[in-house]
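Visitor: My questions all concern the structure below.
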Amino acid sequence: MLVTARLKRAAELLIPHSVRARREEERLRERVRVKEERRLERVARRRAALLDSDADLRSYTAEGTERIGRVVREHTATGAADRNLDLVLRALEHAGIDHFLVPGRSPQRHVLGVHRSRRKDLLEAMRELHDDSPLYALAPGPDGKAARISAYVDGALDAEVKSGLVIRFAELLLSEHGDEFGGFDHGCDVEFWRDATKVLAGERAEHALDRLRVKIPVDAMEGALLARAPTGSPTY
């Protein structure tokens, strides 16, 4: 058996490098394909189990993507925004995280401020409370629209969503006929704010101050929390 293994390795050394590299690349692609296939199978099972667990949930297709929404009998834009705000507030209160209401730039949704150091705690609380639910987390783009989207039921959130300066949480609401009433625009935005003293002490303080969400005099920043304005947004 040992001799056979040695002969096999010796034979492989005679294969041209380009051929060995191509074979290794093919094996790598196959491993990636199998891994993704298994992930999709797990996602399909989790989604099916979620739909079976709640008669008010429904699967539908939007922008070429399968989504899960909750059927509601009555709907208002304010009600959709308030519902998503409540989902986030439950997690913040569950984890004992200080938070504050931030003036938003859109009447469609609420915005909350949280210290950046509590991001991990918030994400863990959201996962604990909403792991088996139709809740979505997403990274808003410069225009406020969803740029990257992750469903809690699918498992781990997209890394870019989790690390963003703003994370929007939303549950999609549908009419009894399957029309989407409350979409991602009605989600609750959570902005992650920093201590002003740390911003001022940074090597790129001037650059950071130029990109603040709210402009205030430097001498008034003691004890304040600061947030960077989203790309493409005006500063106040």
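Residue names in the structure tokens use chain letters A, B, ... in the order shown, residue numbers from 1 in each chain, and ligand numbers from 1 in the order shown.
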Considering only strand (DSSP E) as DSSP defines it on the backbone, what residues of stretch 13-215 of chain A qualify? List them as a VMD selection string.
Guide: chain A and resid 57 to 62 65 to 71 100 to 101 111 to 115 135 to 140 146 to 151 166 to 171 173 to 174 180 to 182 188 to 195
Visitor: Using only N, CA and C atoms, please write the residues we just selected to a file, as a short mmCIF file (atom, residue, chain, number, x, y, z; two decimals), in the first residue's frame.
Guide:
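See selection_12.cif below for the written result:
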```cif
data_model
loop_
_atom_site.label_atom_id
_atom_site.label_comp_id
_atom_site.auth_asym_id
_atom_site.auth_seq_id
_atom_site.Cartn_x
_atom_site.Cartn_y
_atom_site.Cartn_z
N LEU A 57 -47.57 33.71 7.13
CA LEU A 57 -46.39 33.95 6.30
C LEU A 57 -46.59 33.39 4.91
N ARG A 58 -46.02 34.09 3.93
CA ARG A 58 -46.18 33.66 2.54
C ARG A 58 -44.90 33.93 1.76
N SER A 59 -44.56 33.00 0.89
CA SER A 59 -43.41 33.16 0.01
C SER A 59 -43.87 33.83 -1.29
N TYR A 60 -43.08 34.76 -1.79
CA TYR A 60 -43.41 35.43 -3.05
C TYR A 60 -42.12 35.88 -3.73
N THR A 61 -42.22 36.29 -4.96
CA THR A 61 -41.05 36.71 -5.72
C THR A 61 -41.11 38.20 -5.99
N ALA A 62 -40.01 38.89 -5.72
CA ALA A 62 -39.89 40.33 -5.99
C ALA A 62 -38.51 40.59 -6.53
N THR A 65 -36.23 37.64 -6.86
CA THR A 65 -35.75 36.97 -5.66
C THR A 65 -36.92 36.46 -4.82
N GLU A 66 -36.79 35.25 -4.30
CA GLU A 66 -37.82 34.72 -3.41
C GLU A 66 -37.73 35.41 -2.05
N ARG A 67 -38.86 35.90 -1.57
CA ARG A 67 -38.90 36.57 -0.27
C ARG A 67 -40.04 35.99 0.55
N ILE A 68 -39.99 36.25 1.85
CA ILE A 68 -41.05 35.80 2.75
C ILE A 68 -41.64 37.03 3.42
N GLY A 69 -42.96 37.17 3.34
CA GLY A 69 -43.63 38.31 3.96
C GLY A 69 -44.76 37.84 4.86
N ARG A 70 -45.26 38.78 5.65
CA ARG A 70 -46.36 38.49 6.56
C ARG A 70 -47.65 39.12 6.04
N VAL A 71 -48.71 38.32 5.93
CA VAL A 71 -50.00 38.80 5.46
C VAL A 71 -50.69 39.55 6.60
N PHE A 100 -31.30 55.99 21.22
CA PHE A 100 -32.01 57.27 21.12
C PHE A 100 -32.59 57.41 19.72
N LEU A 101 -33.65 58.20 19.63
CA LEU A 101 -34.31 58.43 18.35
C LEU A 101 -33.55 59.50 17.58
N VAL A 111 -35.49 55.99 12.73
CA VAL A 111 -34.05 55.84 12.82
C VAL A 111 -33.65 55.88 14.30
N LEU A 112 -32.85 54.92 14.72
CA LEU A 112 -32.35 54.87 16.09
C LEU A 112 -30.84 54.99 16.11
N GLY A 113 -30.31 55.60 17.14
CA GLY A 113 -28.87 55.70 17.32
C GLY A 113 -28.42 54.78 18.44
N VAL A 114 -27.31 54.08 18.22
CA VAL A 114 -26.74 53.15 19.20
C VAL A 114 -25.23 53.35 19.20
N HIS A 115 -24.60 53.26 20.37
CA HIS A 115 -23.15 53.38 20.41
C HIS A 115 -22.51 52.24 19.62
N LEU A 135 -37.79 38.15 9.46
CA LEU A 135 -37.11 39.44 9.52
C LEU A 135 -35.92 39.48 8.56
N TYR A 136 -35.69 40.68 7.98
CA TYR A 136 -34.55 40.92 7.09
C TYR A 136 -33.64 41.98 7.71
N ALA A 137 -32.36 41.87 7.42
CA ALA A 137 -31.40 42.92 7.75
C ALA A 137 -30.75 43.35 6.44
N LEU A 138 -30.54 44.63 6.27
CA LEU A 138 -29.98 45.08 4.99
C LEU A 138 -29.11 46.30 5.17
N ALA A 139 -28.26 46.52 4.19
CA ALA A 139 -27.41 47.70 4.15
C ALA A 139 -28.03 48.69 3.17
N PRO A 140 -28.44 49.86 3.65
CA PRO A 140 -29.03 50.86 2.75
C PRO A 140 -27.96 51.45 1.83
N ALA A 146 -32.41 49.48 -0.56
CA ALA A 146 -31.66 48.32 -0.10
C ALA A 146 -30.52 48.02 -1.06
N ALA A 147 -29.28 47.97 -0.54
CA ALA A 147 -28.11 47.66 -1.37
C ALA A 147 -27.73 46.19 -1.23
N ARG A 148 -27.70 45.68 0.00
CA ARG A 148 -27.43 44.26 0.27
C ARG A 148 -28.47 43.78 1.27
N ILE A 149 -28.99 42.58 1.03
CA ILE A 149 -30.11 42.08 1.83
C ILE A 149 -29.80 40.69 2.38
N SER A 150 -30.12 40.48 3.66
CA SER A 150 -29.96 39.16 4.29
C SER A 150 -31.24 38.83 5.05
N ALA A 151 -31.68 37.58 4.92
CA ALA A 151 -32.84 37.10 5.67
C ALA A 151 -32.36 36.33 6.88
N VAL A 166 -24.79 51.71 9.06
CA VAL A 166 -26.23 51.67 9.28
C VAL A 166 -26.74 50.28 8.91
N ILE A 167 -27.58 49.72 9.77
CA ILE A 167 -28.25 48.45 9.44
C ILE A 167 -29.75 48.70 9.52
N ARG A 168 -30.45 48.30 8.49
CA ARG A 168 -31.92 48.44 8.49
C ARG A 168 -32.54 47.07 8.73
N PHE A 169 -33.52 47.04 9.62
CA PHE A 169 -34.23 45.81 9.93
C PHE A 169 -35.68 45.97 9.46
N ALA A 170 -36.18 44.95 8.78
CA ALA A 170 -37.53 45.08 8.23
C ALA A 170 -38.21 43.72 8.08
N GLU A 171 -39.49 43.71 8.38
CA GLU A 171 -40.34 42.56 8.09
C GLU A 171 -41.27 43.01 6.97
N LEU A 173 -44.52 43.21 4.67
CA LEU A 173 -45.95 43.03 4.91
C LEU A 173 -46.69 42.91 3.59
N LEU A 174 -47.62 41.97 3.53
CA LEU A 174 -48.37 41.68 2.31
C LEU A 174 -49.87 41.82 2.55
N GLU A 180 -47.27 43.54 -1.96
CA GLU A 180 -46.36 44.03 -0.93
C GLU A 180 -46.77 45.43 -0.51
N PHE A 181 -47.21 45.58 0.74
CA PHE A 181 -47.61 46.88 1.27
C PHE A 181 -46.46 47.55 2.02
N GLY A 182 -45.85 46.79 2.90
CA GLY A 182 -44.75 47.34 3.70
C GLY A 182 -43.45 46.71 3.28
N CYS A 188 -36.60 49.76 10.00
CA CYS A 188 -36.05 50.62 11.06
C CYS A 188 -34.53 50.67 10.91
N ASP A 189 -34.00 51.86 10.71
CA ASP A 189 -32.55 52.04 10.57
C ASP A 189 -31.91 52.17 11.95
N VAL A 190 -30.79 51.49 12.14
CA VAL A 190 -29.98 51.66 13.35
C VAL A 190 -28.64 52.22 12.92
N GLU A 191 -28.32 53.42 13.39
CA GLU A 191 -27.03 54.06 13.10
C GLU A 191 -26.09 53.81 14.28
N PHE A 192 -24.82 53.57 13.98
CA PHE A 192 -23.84 53.31 15.02
C PHE A 192 -22.96 54.54 15.22
N TRP A 193 -23.08 55.14 16.40
CA TRP A 193 -22.43 56.40 16.72
C TRP A 193 -21.16 56.18 17.54
N ARG A 194 -20.23 57.14 17.45
CA ARG A 194 -18.94 57.05 18.14
C ARG A 194 -18.78 58.21 19.13
N ASP A 195 -17.90 58.00 20.10
CA ASP A 195 -17.56 59.08 21.03
C ASP A 195 -16.80 60.18 20.29
#
```
Visitor: When you look at A:His94 with a cut-off of 9 Å (counting only C-alpha atoms), what residues show up, excluding the ones that are within fewer than 3 positions of it in the same chain? I need them as an mmCIF file with N, CA and C atoms, in the first residue's frame.
Guide:
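The resulting around_21.cif:
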```
data_model
loop_
_atom_site.group_PDB
_atom_site.id
_atom_site.type_symbol
_atom_site.label_atom_id
_atom_site.label_comp_id
_atom_site.auth_asym_id
_atom_site.auth_seq_id
_atom_site.Cartn_x
_atom_site.Cartn_y
_atom_site.Cartn_z
ATOM 1 N N LEU A 89 -36.714 47.658 18.973
ATOM 2 C CA LEU A 89 -36.755 48.096 20.369
ATOM 3 C C LEU A 89 -36.790 46.901 21.326
ATOM 4 N N ARG A 90 -37.502 45.859 20.946
ATOM 5 C CA ARG A 90 -37.546 44.658 21.784
ATOM 6 C C ARG A 90 -36.149 44.091 21.999
ATOM 7 N N ALA A 91 -35.341 44.071 20.943
ATOM 8 C CA ALA A 91 -33.975 43.544 21.060
ATOM 9 C C ALA A 91 -33.094 44.472 21.880
ATOM 10 N N ILE A 97 -29.467 47.802 25.950
ATOM 11 C CA ILE A 97 -28.635 48.709 25.160
ATOM 12 C C ILE A 97 -29.264 50.106 25.131
ATOM 13 N N ALA A 125 -28.672 40.011 20.099
ATOM 14 C CA ALA A 125 -30.047 40.069 20.608
ATOM 15 C C ALA A 125 -31.053 39.893 19.477
ATOM 16 N N LEU A 129 -33.774 36.793 19.297
ATOM 17 C CA LEU A 129 -35.226 37.016 19.278
ATOM 18 C C LEU A 129 -35.859 36.713 17.929
#
```
Visitor: Return as a ChimeraX atom specification the full set of residues in stretch 121-177 of chain A whose backbone-based DSSP assignment is alpha helix (DSSP H).
Guide: /A:121-130,159-162
Visitor: Nearest to A:Gly79: which of A:Lys162, A:Arg33, A:Lys120, A:His110 is it, counting only C-alpha atoms?
Guide: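 Nearest candidate to A:Gly79 out of A:Lys162, A:Arg33, A:Lys120, A:His110: A:His110.
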Visitor: For a test of reading the model, state the distance in Å between atom CA of A:Leu92 and atom CA of A:Leu122, rounded to one decimal.
Guide: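 Separation between atom CA of A:Leu92 and atom CA of A:Leu122: 6.4 Å.
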Visitor: Quick one: residues within 12 Å of A:Arg39, only C-alpha atoms, excluding same-chain residues fewer than 6 positions away - as a PyMOL selection string?
Guide: chain A and resi 32-33+45-46+154-156
Visitor: Report, in Å to a single decimal, how far apart atom CA of A:Asp131 and atom CA of A:Ala49 are.
Guide: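 According to the coordinates, atom CA of A:Ala49 and atom CA of A:Asp131 are separated by 12.6 Å.
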Visitor: What is the distance, in Å and to one decimal place, between atom CA of A:His130 and atom CA of A:Gly187?
Guide: 14.7 Å
